[in-house]
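Q: I'm passing along entry-v5.txt; it holds compact mmCIF, C-alpha atoms.
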# COMPACT_ATOMS: atom_id res chain seq x y z
CA MET A 1 74.04 25.83 56.64
CA ILE A 2 75.14 29.36 57.59
CA THR A 3 73.56 30.86 60.71
CA ILE A 4 73.21 34.64 60.69
CA ALA A 5 72.39 36.66 63.83
CA LEU A 6 70.52 39.90 63.17
CA SER A 7 69.63 42.81 65.43
CA LYS A 8 65.86 43.10 65.65
CA GLY A 9 64.32 46.08 63.89
CA ARG A 10 65.44 48.36 61.09
CA LEU A 11 68.99 47.01 61.01
CA ALA A 12 67.73 43.47 60.39
CA GLU A 13 65.46 44.67 57.58
CA GLN A 14 68.34 46.47 55.85
CA ALA A 15 70.63 43.46 56.24
CA ILE A 16 67.98 41.15 54.75
CA ASP A 17 67.48 43.52 51.82
CA LEU A 18 71.22 43.57 51.21
CA LEU A 19 71.47 39.78 51.27
CA GLU A 20 68.63 39.58 48.76
CA LYS A 21 70.39 42.04 46.45
CA ALA A 22 73.49 39.87 46.76
CA GLY A 23 71.50 36.97 45.33
CA TYR A 24 70.45 35.06 48.45
CA ASP A 25 66.99 33.62 49.08
CA VAL A 26 65.83 35.40 52.24
CA ASN A 27 62.15 34.45 52.17
CA ALA A 28 62.52 32.61 55.47
CA ALA A 29 63.78 35.80 57.15
CA ARG A 30 60.76 37.73 55.88
CA GLU A 31 58.32 35.30 57.46
CA LYS A 32 55.77 37.16 59.59
CA SER A 33 55.81 35.33 62.90
CA ARG A 34 57.04 35.51 66.47
CA LYS A 35 59.69 32.89 65.82
CA LEU A 36 63.21 33.87 66.86
CA ILE A 37 64.85 31.31 64.56
CA LEU A 38 63.90 31.31 60.88
CA GLU A 39 65.52 28.90 58.49
CA ASP A 40 65.28 27.55 54.96
CA PRO A 41 67.16 24.30 54.33
CA LYS A 42 66.95 24.87 50.56
CA SER A 43 68.78 28.19 50.70
CA GLY A 44 71.14 26.95 53.41
CA LEU A 45 70.46 29.96 55.65
CA ARG A 46 69.26 30.17 59.23
CA PHE A 47 68.46 33.54 60.82
CA ILE A 48 68.52 34.31 64.55
CA LEU A 49 66.68 37.46 65.61
CA ALA A 50 68.21 38.90 68.76
CA LYS A 51 68.69 42.04 70.79
CA PRO A 52 71.62 44.07 69.42
CA ALA A 53 73.79 43.56 72.50
CA ASP A 54 73.45 39.78 72.19
CA VAL A 55 74.48 39.48 68.53
CA PRO A 56 78.26 39.64 69.17
CA THR A 57 77.88 37.09 71.97
CA TYR A 58 76.09 34.59 69.73
CA VAL A 59 78.75 35.02 67.06
CA GLU A 60 81.75 34.81 69.40
CA TYR A 61 80.48 31.58 70.98
CA GLY A 62 79.56 30.00 67.66
CA ALA A 63 75.78 29.97 68.05
CA ALA A 64 75.86 32.04 64.85
CA ASP A 65 78.48 32.06 62.11
CA ILE A 66 77.85 35.64 61.02
CA GLY A 67 76.24 38.67 62.60
CA VAL A 68 75.12 42.12 61.53
CA VAL A 69 75.30 44.69 64.31
CA GLY A 70 76.14 48.33 64.98
CA LYS A 71 79.71 49.38 65.64
CA ASP A 72 78.56 50.88 68.94
CA THR A 73 77.58 47.41 70.19
CA LEU A 74 80.88 45.93 69.02
CA LEU A 75 82.87 48.62 70.83
CA GLU A 76 80.84 48.21 74.00
CA GLU A 77 80.87 44.40 74.06
CA GLY A 78 84.52 43.92 73.03
CA ARG A 79 84.02 40.37 71.72
CA GLN A 80 86.63 38.28 69.89
CA LEU A 81 85.34 38.38 66.31
CA TYR A 82 86.39 39.13 62.76
CA GLU A 83 84.89 42.44 61.68
CA VAL A 84 84.84 42.10 57.90
CA ILE A 85 82.55 44.70 56.30
CA ASP A 86 81.34 48.22 57.05
CA LEU A 87 77.86 48.08 55.52
CA GLY A 88 77.48 51.85 55.57
CA PHE A 89 73.88 52.01 56.76
CA GLY A 90 72.69 52.95 60.22
CA ARG A 91 75.24 55.78 60.25
CA CYS A 92 75.48 57.96 63.35
CA ARG A 93 78.11 59.10 65.84
CA MET A 94 79.06 58.25 69.41
CA CYS A 95 79.56 61.64 71.05
CA VAL A 96 80.28 63.47 74.25
CA ALA A 97 77.45 65.97 74.70
CA GLY A 98 76.57 68.57 77.27
CA PRO A 99 75.43 72.16 77.81
CA LYS A 100 76.61 74.70 75.24
CA GLU A 101 78.56 76.63 77.88
CA LEU A 102 80.96 73.67 78.17
CA GLU A 103 82.05 73.97 74.53
CA GLY A 104 85.85 74.24 74.46
CA LYS A 105 86.01 73.90 78.23
CA LEU A 106 85.50 70.17 78.69
CA ASP A 107 89.13 69.49 79.58
CA MET A 108 88.99 72.16 82.31
CA ILE A 109 86.43 70.26 84.40
CA PRO A 110 88.14 68.00 86.98
CA ASN A 111 86.57 64.76 88.20
CA LYS A 112 83.83 64.79 85.59
CA ARG A 113 80.72 62.67 85.95
CA VAL A 114 79.56 61.12 82.70
CA GLY A 115 76.11 59.64 82.20
CA THR A 116 75.91 56.91 79.55
CA LYS A 117 74.43 53.63 78.34
CA TYR A 118 77.93 52.73 77.14
CA PRO A 119 80.29 52.52 80.14
CA ASN A 120 83.01 50.54 78.32
CA ILE A 121 83.16 52.92 75.37
CA THR A 122 83.13 55.89 77.74
CA ARG A 123 85.95 54.49 79.88
CA ALA A 124 88.05 53.62 76.84
CA TYR A 125 87.64 57.12 75.44
CA PHE A 126 88.33 59.17 78.55
CA GLU A 127 90.98 56.92 80.10
CA GLY A 128 92.56 55.51 76.94
CA VAL A 129 92.32 58.41 74.51
CA LYS A 130 92.18 61.49 76.73
CA ASN A 131 94.19 60.00 79.62
CA GLU A 132 91.62 61.28 82.06
CA SER A 133 89.85 59.62 84.97
CA VAL A 134 86.09 60.20 85.14
CA GLU A 135 83.16 58.91 87.19
CA ILE A 136 80.88 56.90 84.92
CA ILE A 137 77.18 56.73 85.79
CA LYS A 138 75.44 53.86 83.99
CA LEU A 139 71.98 54.78 82.74
CA ASN A 140 69.41 52.82 80.76
CA GLY A 141 66.89 55.45 79.72
CA SER A 142 67.04 58.99 78.36
CA VAL A 143 70.62 59.93 79.16
CA GLU A 144 69.97 63.53 78.04
CA LEU A 145 68.23 64.02 81.37
CA ALA A 146 71.43 63.55 83.38
CA PRO A 147 73.04 66.99 82.76
CA LEU A 148 69.67 68.72 83.10
CA ILE A 149 69.15 67.56 86.68
CA GLY A 150 72.80 67.75 87.76
CA LEU A 151 73.42 64.01 87.81
CA SER A 152 76.40 64.45 85.45
CA GLU A 153 78.24 67.23 83.69
CA VAL A 154 78.16 65.48 80.30
CA ILE A 155 76.88 62.35 78.59
CA VAL A 156 78.22 59.89 76.04
CA ASP A 157 75.56 58.67 73.65
CA ILE A 158 74.57 57.92 70.06
CA VAL A 159 73.75 61.03 68.03
CA GLU A 160 71.90 60.85 64.72
CA SER A 161 70.23 64.15 63.81
CA GLY A 162 71.06 65.88 67.10
CA ARG A 163 67.47 67.06 67.46
CA THR A 164 66.94 65.51 70.89
CA LEU A 165 70.10 67.19 72.16
CA TYR A 166 69.03 70.56 70.71
CA GLU A 167 65.55 70.39 72.19
CA ASN A 168 67.07 69.75 75.62
CA GLY A 169 69.64 72.53 75.44
CA LEU A 170 72.58 70.22 74.80
CA GLU A 171 75.06 69.92 71.96
CA VAL A 172 77.87 67.72 70.73
CA LEU A 173 81.16 68.62 72.42
CA GLU A 174 83.40 65.84 71.06
CA THR A 175 83.05 62.89 68.70
CA VAL A 176 84.12 59.55 70.16
CA ALA A 177 83.59 57.31 67.11
CA ASP A 178 81.71 57.01 63.82
CA ILE A 179 79.07 54.31 63.96
CA SER A 180 77.47 52.13 61.26
CA ALA A 181 76.34 48.54 60.74
CA ARG A 182 79.11 45.95 60.49
CA VAL A 183 79.34 42.31 59.44
CA VAL A 184 81.17 40.12 61.94
CA VAL A 185 82.20 36.48 61.63
CA ASN A 186 82.98 33.77 64.16
CA ARG A 187 86.70 32.95 64.01
CA VAL A 188 86.22 29.18 63.83
CA SER A 189 83.43 29.45 61.25
CA MET A 190 85.70 31.55 59.03
CA ARG A 191 88.01 28.55 58.81
CA MET A 192 85.57 25.65 58.91
CA LYS A 193 82.94 27.15 56.59
CA SER A 194 85.19 29.28 54.42
CA ASP A 195 83.74 27.83 51.19
CA GLU A 196 80.35 29.28 52.13
CA ILE A 197 81.28 32.36 54.13
CA LYS A 198 83.98 33.94 51.97
CA PRO A 199 81.79 34.04 48.82
CA MET A 200 79.04 35.64 50.90
CA ILE A 201 81.44 38.29 52.17
CA ASP A 202 82.61 38.99 48.61
CA ARG A 203 79.04 39.33 47.33
CA LEU A 204 78.06 41.63 50.18
CA ARG A 205 81.14 43.79 49.63
CA GLU A 206 80.22 44.06 45.97
CA GLN A 207 76.71 45.24 46.85
CA VAL A 208 78.05 47.76 49.38
CA ALA A 209 80.38 49.14 46.70
CA ILE A 210 77.40 49.50 44.33
CA MET A 211 75.36 51.27 47.03
CA ASN A 212 78.23 53.64 47.78
CA ALA A 213 78.68 54.43 44.07
CA GLU A 214 74.96 55.13 43.70
CA GLY A 215 75.09 57.35 46.76
CA ARG A 216 77.93 59.41 45.30
CA GLU A 217 76.01 59.81 42.02
CA ASP A 218 72.95 61.08 43.87
CA LYS A 219 74.93 63.87 45.52
Take the structure in the file and write it out as structure tokens.
A:
Amino acid sequence: MITIALSKGRLAEQAIDLLEKAGYDVNAAREKSRKLILEDPKSGLRFILAKPADVPTYVEYGAADIGVVGKDTLLEEGRQLYEVIDLGFGRCRMCVAGPKELEGKLDMIPNKRVGTKYPNITRAYFEGVKNESVEIIKLNGSVELAPLIGLSEVIVDIVESGRTLYENGLEVLETVADISARVVVNRVSMRMKSDEIKPMIDRLREQVAIMNAEGREDK
């Protein structure tokens, strides 16, 4: 049996739809209940429904063989996994954002304070990419508030449409990374269950290629 960890919500629904298109019986995953583990011995699939931040942990430690999770979570958690497929959905960007007057002037601000839900991504970007030391302020709620009340000069956060930034007088200053849903695999499971996992990866890749082709035709 293959155990698949899914992020609760829209990402899980899209992953289940994709598995179904790839020819897998996912009726167990569509069961309407409060159960956190859904399995079907006939199809050989077990689904674990978890918070996004926990999915890489379950996969790294072997509680799940496969996981579907956003690239933002993978970057933040830094787990030892095989990242095998970019599924293409859930697309957004991890960005540095702040007041418009900081556009083109970000590098001129010394000792910046950065509000974020993603301290590891933020540290890796400023210290590793920009070779700059910053003060990181970990937040859990609406990070857009931080520059508005003087808690930080800028923020690092997920940006989809950018509407929330716009309505609060902020804008994207720099892009840290492109984000989308990814398939990850436990390293031991890739070896021990290769006869089951590799065909699944191939079938999912095929479906992603079809989706991408259809997307190009619609443009």
Q: Need to verify the contact set: region 180-195 of chain A, 6 Å, only C-alpha atoms, exclusion of same-chain residues closer than 6 positions in sequence. Can you return it as a list in words?
A: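 Within the cut-off, the hits are Val59, Glu60, Asp65, Ile66, Gly67, Val68, Val69, Gly70, Lys71, Leu81, Tyr82, Glu83, Val84, Ile85, Asp86, Leu87, Gly88, Phe89, Gly90 and Arg91 of chain A.
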Q: Using all atoms listed in the file for the distances, tell me which of A:Glu167, A:Asp72, A:Val55, A:Ala22 is nearest to Cys92 (chain A).
A: A:Asp72
Q: Find the residues around Val96 (chain A) up to 8 Å (only C-alpha atoms counted), leave out those fewer than 2 positions away in its own chain, and share them as a tab-separated table (two decimals) with C-alpha atoms, keeping the file's coordinate frame.
A:
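Output below, filename selection17.tsv:
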chain	number	residue	atom	x	y	z
A	94	MET	CA	79.06	58.25	69.41
A	98	GLY	CA	76.57	68.57	77.27
A	154	VAL	CA	78.16	65.48	80.30
A	155	ILE	CA	76.88	62.35	78.59
A	156	VAL	CA	78.22	59.89	76.04
A	157	ASP	CA	75.56	58.67	73.65
A	172	VAL	CA	77.87	67.72	70.73
A	173	LEU	CA	81.16	68.62	72.42
A	174	GLU	CA	83.40	65.84	71.06
A	175	THR	CA	83.05	62.89	68.70
A	176	VAL	CA	84.12	59.55	70.16
Q: So which one's closest to Val114 (chain A), A:Ala28, A:Leu75, A:Val143, A:Leu11? Using only C-alpha atoms, please.
A: A:Val143
Q: Could you tell me which of A:Ala5, A:Ala177, A:Ala209, A:Leu102 comes closest to Ala124 (chain A) if we count only C-alpha atoms?
A: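 With only C-alpha atoms as the atom set, the closest residue is A:Ala177.
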Q: Could you please determine the separation between CA of Ile158 (chain A) and CA of Thr122 (chain A) in Å, to one decimal place?
A: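 For CA of Ile158 (chain A) relative to CA of Thr122 (chain A), the distance reads 11.7 Å.
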Q: Extract, using only C-alpha atoms, all DNA, RNA and protein residues at most 8 Å from region 14-19 of chain A, discarding same-chain residues fewer than 4 positions from it, and format them as an NGL selection string.
A: :A and (6 or 10 or 23-26 or 29 or 68 or 89 or 204 or 207)
Q: Go through A:Thr3, A:Ser43, A:Ser33, A:Thr116 one by one, measure the shortest atom-to-atom distance of each to Ala63 (chain A) using all atoms listed in the file, and give the residue with the smallest value.
A: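 The closest residue to Ala63 (chain A) is A:Thr3.
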Q: How many Å lie between CA of Ser133 (chain A) and CA of Lys112 (chain A), rounded to one decimal?
A: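 We find that CA of Ser133 (chain A) and CA of Lys112 (chain A) lie 8.0 Å from each other.
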Q: Would you work out the distance separating CA of Val208 (chain A) from CA of Ala50 (chain A), expressed in Å to one decimal?
A: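 These two atoms are separated by 23.5 Å.
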